[in-house]
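Containing PDB, C-alpha atoms: final_27.pdb.
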ATOM      1  CA  MET A 181     171.612 113.976 270.743
ATOM      2  CA  THR A 182     171.425 117.093 268.571
ATOM      3  CA  GLU A 183     170.989 114.935 265.476
ATOM      4  CA  ILE A 184     167.958 113.231 267.028
ATOM      5  CA  PHE A 185     166.493 116.602 267.991
ATOM      6  CA  PHE A 186     167.065 117.894 264.449
ATOM      7  CA  VAL A 187     165.373 114.851 262.891
ATOM      8  CA  LEU A 188     162.368 115.181 265.205
ATOM      9  CA  THR A 189     162.098 118.894 264.381
ATOM     10  CA  VAL A 190     162.158 118.176 260.639
ATOM     11  CA  ILE A 191     159.479 115.489 261.038
ATOM     12  CA  TYR A 192     157.284 117.865 263.060
ATOM     13  CA  ALA A 193     157.713 120.661 260.493
ATOM     14  CA  ALA A 194     156.791 118.261 257.684
ATOM     15  CA  TYR A 195     153.680 117.183 259.599
ATOM     16  CA  VAL A 196     152.603 120.803 260.129
ATOM     17  CA  ILE A 197     153.090 121.631 256.448
ATOM     18  CA  TYR A 198     151.194 118.495 255.414
ATOM     19  CA  SER A 199     148.259 119.303 257.711
ATOM     20  CA  VAL A 200     148.034 122.910 256.449
ATOM     21  CA  VAL A 201     148.101 121.804 252.800
ATOM     22  CA  SER A 202     145.539 119.044 253.318
ATOM     23  CA  ASP A 203     143.194 121.429 255.178
ATOM     24  CA  SER A 204     143.340 123.947 252.336
ATOM     25  CA  LYS A 205     142.371 121.209 249.836
ATOM     26  CA  LYS A 206     139.348 120.283 251.945
ATOM     27  CA  ALA A 207     138.077 123.863 252.042
ATOM     28  CA  ARG A 208     134.777 124.201 250.241
ATOM     29  CA  VAL A 209     134.218 126.559 247.369
ATOM     30  CA  ILE A 210     132.133 129.656 248.149
ATOM     31  CA  ASP A 211     129.786 130.983 245.462
ATOM     32  CA  ASP A 212     130.259 134.769 245.376
ATOM     33  CA  SER A 213     127.697 135.480 242.694
ATOM     34  CA  ALA A 214     125.071 138.125 243.367
ATOM     35  CA  GLU A 215     122.176 135.707 242.770
ATOM     36  CA  ALA A 216     123.416 133.354 245.462
ATOM     37  CA  MET A 217     123.761 136.223 247.930
ATOM     38  CA  MET A 218     120.299 137.558 247.143
ATOM     39  CA  SER A 219     118.650 134.158 247.651
ATOM     40  CA  VAL A 220     120.278 133.759 251.053
ATOM     41  CA  ALA A 221     119.261 137.273 252.113
ATOM     42  CA  HIS A 222     115.586 136.571 251.404
ATOM     43  CA  THR A 223     115.431 133.183 253.085
ATOM     44  CA  VAL A 224     117.156 134.028 256.376
ATOM     45  CA  PRO A 225     114.926 135.702 258.988
ATOM     46  CA  PRO A 226     116.445 138.532 261.039
ATOM     47  CA  LEU A 227     118.261 137.286 264.132
ATOM     48  CA  ILE A 228     117.362 140.283 266.307
ATOM     49  CA  PRO A 229     113.684 141.082 266.938
ATOM     50  CA  GLU A 230     112.496 144.567 265.989
ATOM     51  CA  LYS A 231     111.677 145.453 269.605
ATOM     52  CA  VAL A 232     115.286 144.892 270.609
ATOM     53  CA  THR A 233     116.712 146.940 267.734
ATOM     54  CA  ALA A 234     114.534 149.913 268.698
ATOM     55  CA  GLN A 235     116.059 150.016 272.191
ATOM     56  CA  PRO A 236     119.514 151.541 272.744
ATOM     57  CA  LEU A 237     122.260 148.948 273.112
ATOM     58  CA  VAL A 238     124.065 150.722 275.948
ATOM     59  CA  LYS A 239     122.286 152.207 278.909
ATOM     60  CA  PRO A 240     123.732 155.460 280.264
ATOM     61  CA  VAL A 241     125.502 155.036 283.588
ATOM     62  CA  ALA A 242     125.003 157.695 286.230
ATOM     63  CA  LYS A 243     128.058 158.577 288.281
ATOM     64  CA  THR A 244     127.553 157.925 291.937
ATOM     65  CA  ALA A 245     129.460 158.930 295.014
ATOM     66  CA  LYS A 246     130.827 155.402 295.306
ATOM     67  CA  SER A 247     132.452 155.491 291.866
ATOM     68  CA  ALA A 248     134.001 158.872 292.619
ATOM     69  CA  ALA A 249     135.488 157.561 295.874
ATOM     70  CA  ILE A 250     137.519 154.818 294.178
ATOM     71  CA  LYS A 251     141.242 155.376 294.611
ATOM     72  CA  THR A 252     143.192 155.346 291.372
ATOM     73  CA  GLY A 253     146.741 155.490 292.665
ATOM     74  CA  LEU A 254     149.412 157.375 294.581
ATOM     75  CA  LYS A 255     151.232 160.322 293.050
ATOM     76  CA  ASN A 256     154.827 161.178 293.822
ATOM     77  CA  PRO A 257     154.702 164.924 294.621
ATOM     78  CA  VAL A 258     158.338 165.382 293.554
ATOM     79  CA  THR A 259     158.344 163.705 290.130
ATOM     80  CA  GLY A 260     154.613 163.423 289.385
ATOM     81  CA  GLU A 261     154.873 159.646 288.867
ATOM     82  CA  ILE A 262     151.646 157.748 289.549
ATOM     83  CA  ALA A 263     151.810 154.265 291.084
ATOM     84  CA  THR A 264     148.673 152.176 290.703
ATOM     85  CA  SER A 265     150.013 148.921 292.172
ATOM     86  CA  TYR A 266     151.188 149.183 295.749
ATOM     87  CA  ALA A 267     149.273 146.487 297.625
ATOM     88  CA  ASN A 268     152.327 144.336 298.390
ATOM     89  CA  TYR A 269     155.085 145.974 300.437
ATOM     90  CA  ARG A 270     157.791 143.800 298.890
ATOM     91  CA  PHE A 271     157.032 145.102 295.396
ATOM     92  CA  MET A 272     156.123 148.635 296.430
ATOM     93  CA  LYS A 273     158.058 151.460 294.804
ATOM     94  CA  ARG A 274     160.873 152.953 296.847
ATOM     95  CA  TRP A 275     159.387 156.458 296.911
ATOM     96  CA  ILE A 276     156.182 155.135 298.513
ATOM     97  CA  LYS A 277     158.202 153.456 301.260
ATOM     98  CA  GLU A 278     160.143 156.669 301.803
ATOM     99  CA  ALA A 279     156.903 158.697 301.877
ATOM    100  CA  LEU A 280     155.477 156.405 304.572
ATOM    101  CA  VAL A 281     158.519 157.091 306.741
ATOM    102  CA  THR A 282     158.635 160.828 305.901
ATOM    103  CA  GLU A 283     154.991 161.313 306.858
ATOM    104  CA  GLY A 284     155.583 159.468 310.132
ATOM    105  CA  LEU A 285     153.241 156.617 309.305
ATOM    106  CA  LEU A 286     155.975 153.984 309.691
ATOM    107  CA  GLU A 287     159.080 153.851 311.886
ATOM    108  CA  LYS A 288     161.473 152.767 309.143
ATOM    109  CA  ILE A 289     161.709 151.110 305.742
ATOM    110  CA  TYR A 290     161.437 147.409 306.452
ATOM    111  CA  LYS A 291     163.504 144.744 304.730
ATOM    112  CA  ASN A 292     161.746 141.719 303.254
ATOM    113  CA  ASN A 293     163.056 139.378 305.952
ATOM    114  CA  GLU A 294     161.696 141.679 308.710
ATOM    115  CA  LEU A 295     158.086 141.430 307.514
ATOM    116  CA  ASN A 296     155.546 139.470 309.542
ATOM    117  CA  ALA A 297     151.764 139.575 309.868
ATOM    118  CA  GLU A 298     151.781 142.309 312.527
ATOM    119  CA  ILE A 299     154.065 144.614 310.543
ATOM    120  CA  GLU A 300     152.136 144.001 307.308
ATOM    121  CA  ALA A 301     148.896 145.040 309.034
ATOM    122  CA  THR A 302     150.624 148.228 310.211
ATOM    123  CA  ILE A 303     151.855 148.865 306.671
ATOM    124  CA  LYS A 304     148.363 148.444 305.190
ATOM    125  CA  ASN A 305     146.951 150.957 307.662
ATOM    126  CA  ALA A 306     149.790 153.359 306.882
ATOM    127  CA  VAL A 307     149.189 153.063 303.130
ATOM    128  CA  ALA A 308     145.475 153.742 303.651
ATOM    129  CA  ARG A 309     146.351 156.893 305.599
ATOM    130  CA  LEU A 310     148.880 157.907 302.919
ATOM    131  CA  GLU A 311     146.140 157.627 300.278
ATOM    132  CA  SER A 312     144.053 160.123 302.232
ATOM    133  CA  ILE A 313     146.806 162.771 302.242
ATOM    134  CA  GLU A 314     145.947 165.265 299.518
ATOM    135  CA  ARG A 315     149.365 165.779 297.947
ATOM    136  CA  TYR A 316     149.772 162.020 297.335
ATOM    137  CA  GLN A 317     146.378 161.617 295.631
ATOM    138  CA  ALA A 318     146.491 161.044 291.883
ATOM    139  CA  GLU A 319     144.259 163.309 289.824
ATOM    140  CA  ILE A 320     143.129 160.990 287.065
TER     141      ILE A 320
END
What would you get if you wrote out this structure as structure tokens?
Amino acid sequence: MTEIFFVLTVIYAAYVIYSVVSDSKKARVIDDSAEAMMSVAHTVPPLIPEKVTAQPLVKPVAKTAKSAAIKTGLKNPVTGEIATSYANYRFMKRWIKEALVTEGLLEKIYKNNELNAEIEATIKNAVARLESIERYQAEI
């Protein structure tokens, strides 16, 4: 079986090498002389109209209250670690689970087999309240 696999691998490698070599032979020759470049520069019209080039490409964005209200993450007050992904309780960091219990937002740290729709809704509300506590807010 290994001999067959080896033979097929060698055939595939030979095919790849053959295709690369044959493609390089088909490549056309590019004339790099200055006269050829000058003739192309005079015959090609500009792709961008002058009105568009006069305008700035990027418009300035004003900061609004909505953009300032976006939550960036939770900060561990003990270590200073910032967690940006905590939407799923099963993959949530341990310190966030402990903080939910410490702050009295949850009764206990739930195991994965104890989770159901009712408990997950309670957890989402608790995480939302934890985000509003000032010492857990990340200052980014």
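If all atoms listed in the file are the atoms counted, then among A:Gly253, A:Val307, A:Glu294, A:Thr302 the closest residue to A:Glu278 is A:Val307.
Atom pair atom CA of A:Ile299 / atom CA of A:Pro257: separated by 25.8 Å.
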| Residues within 10 Å of stretch 309-313 of chain A, all atoms listed in the file, excluding chain neighbours under 2 positions, as number ranges by chain | A: 251-255, 276, 279-280, 283-285, 303-307, 315-318
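In this structure, atom CA of A:Phe271 sits 12.7 Å away from atom CA of A:Leu295.
The space separating atom CA of A:Tyr290 from atom CA of A:Lys273 comes to 12.8 Å.
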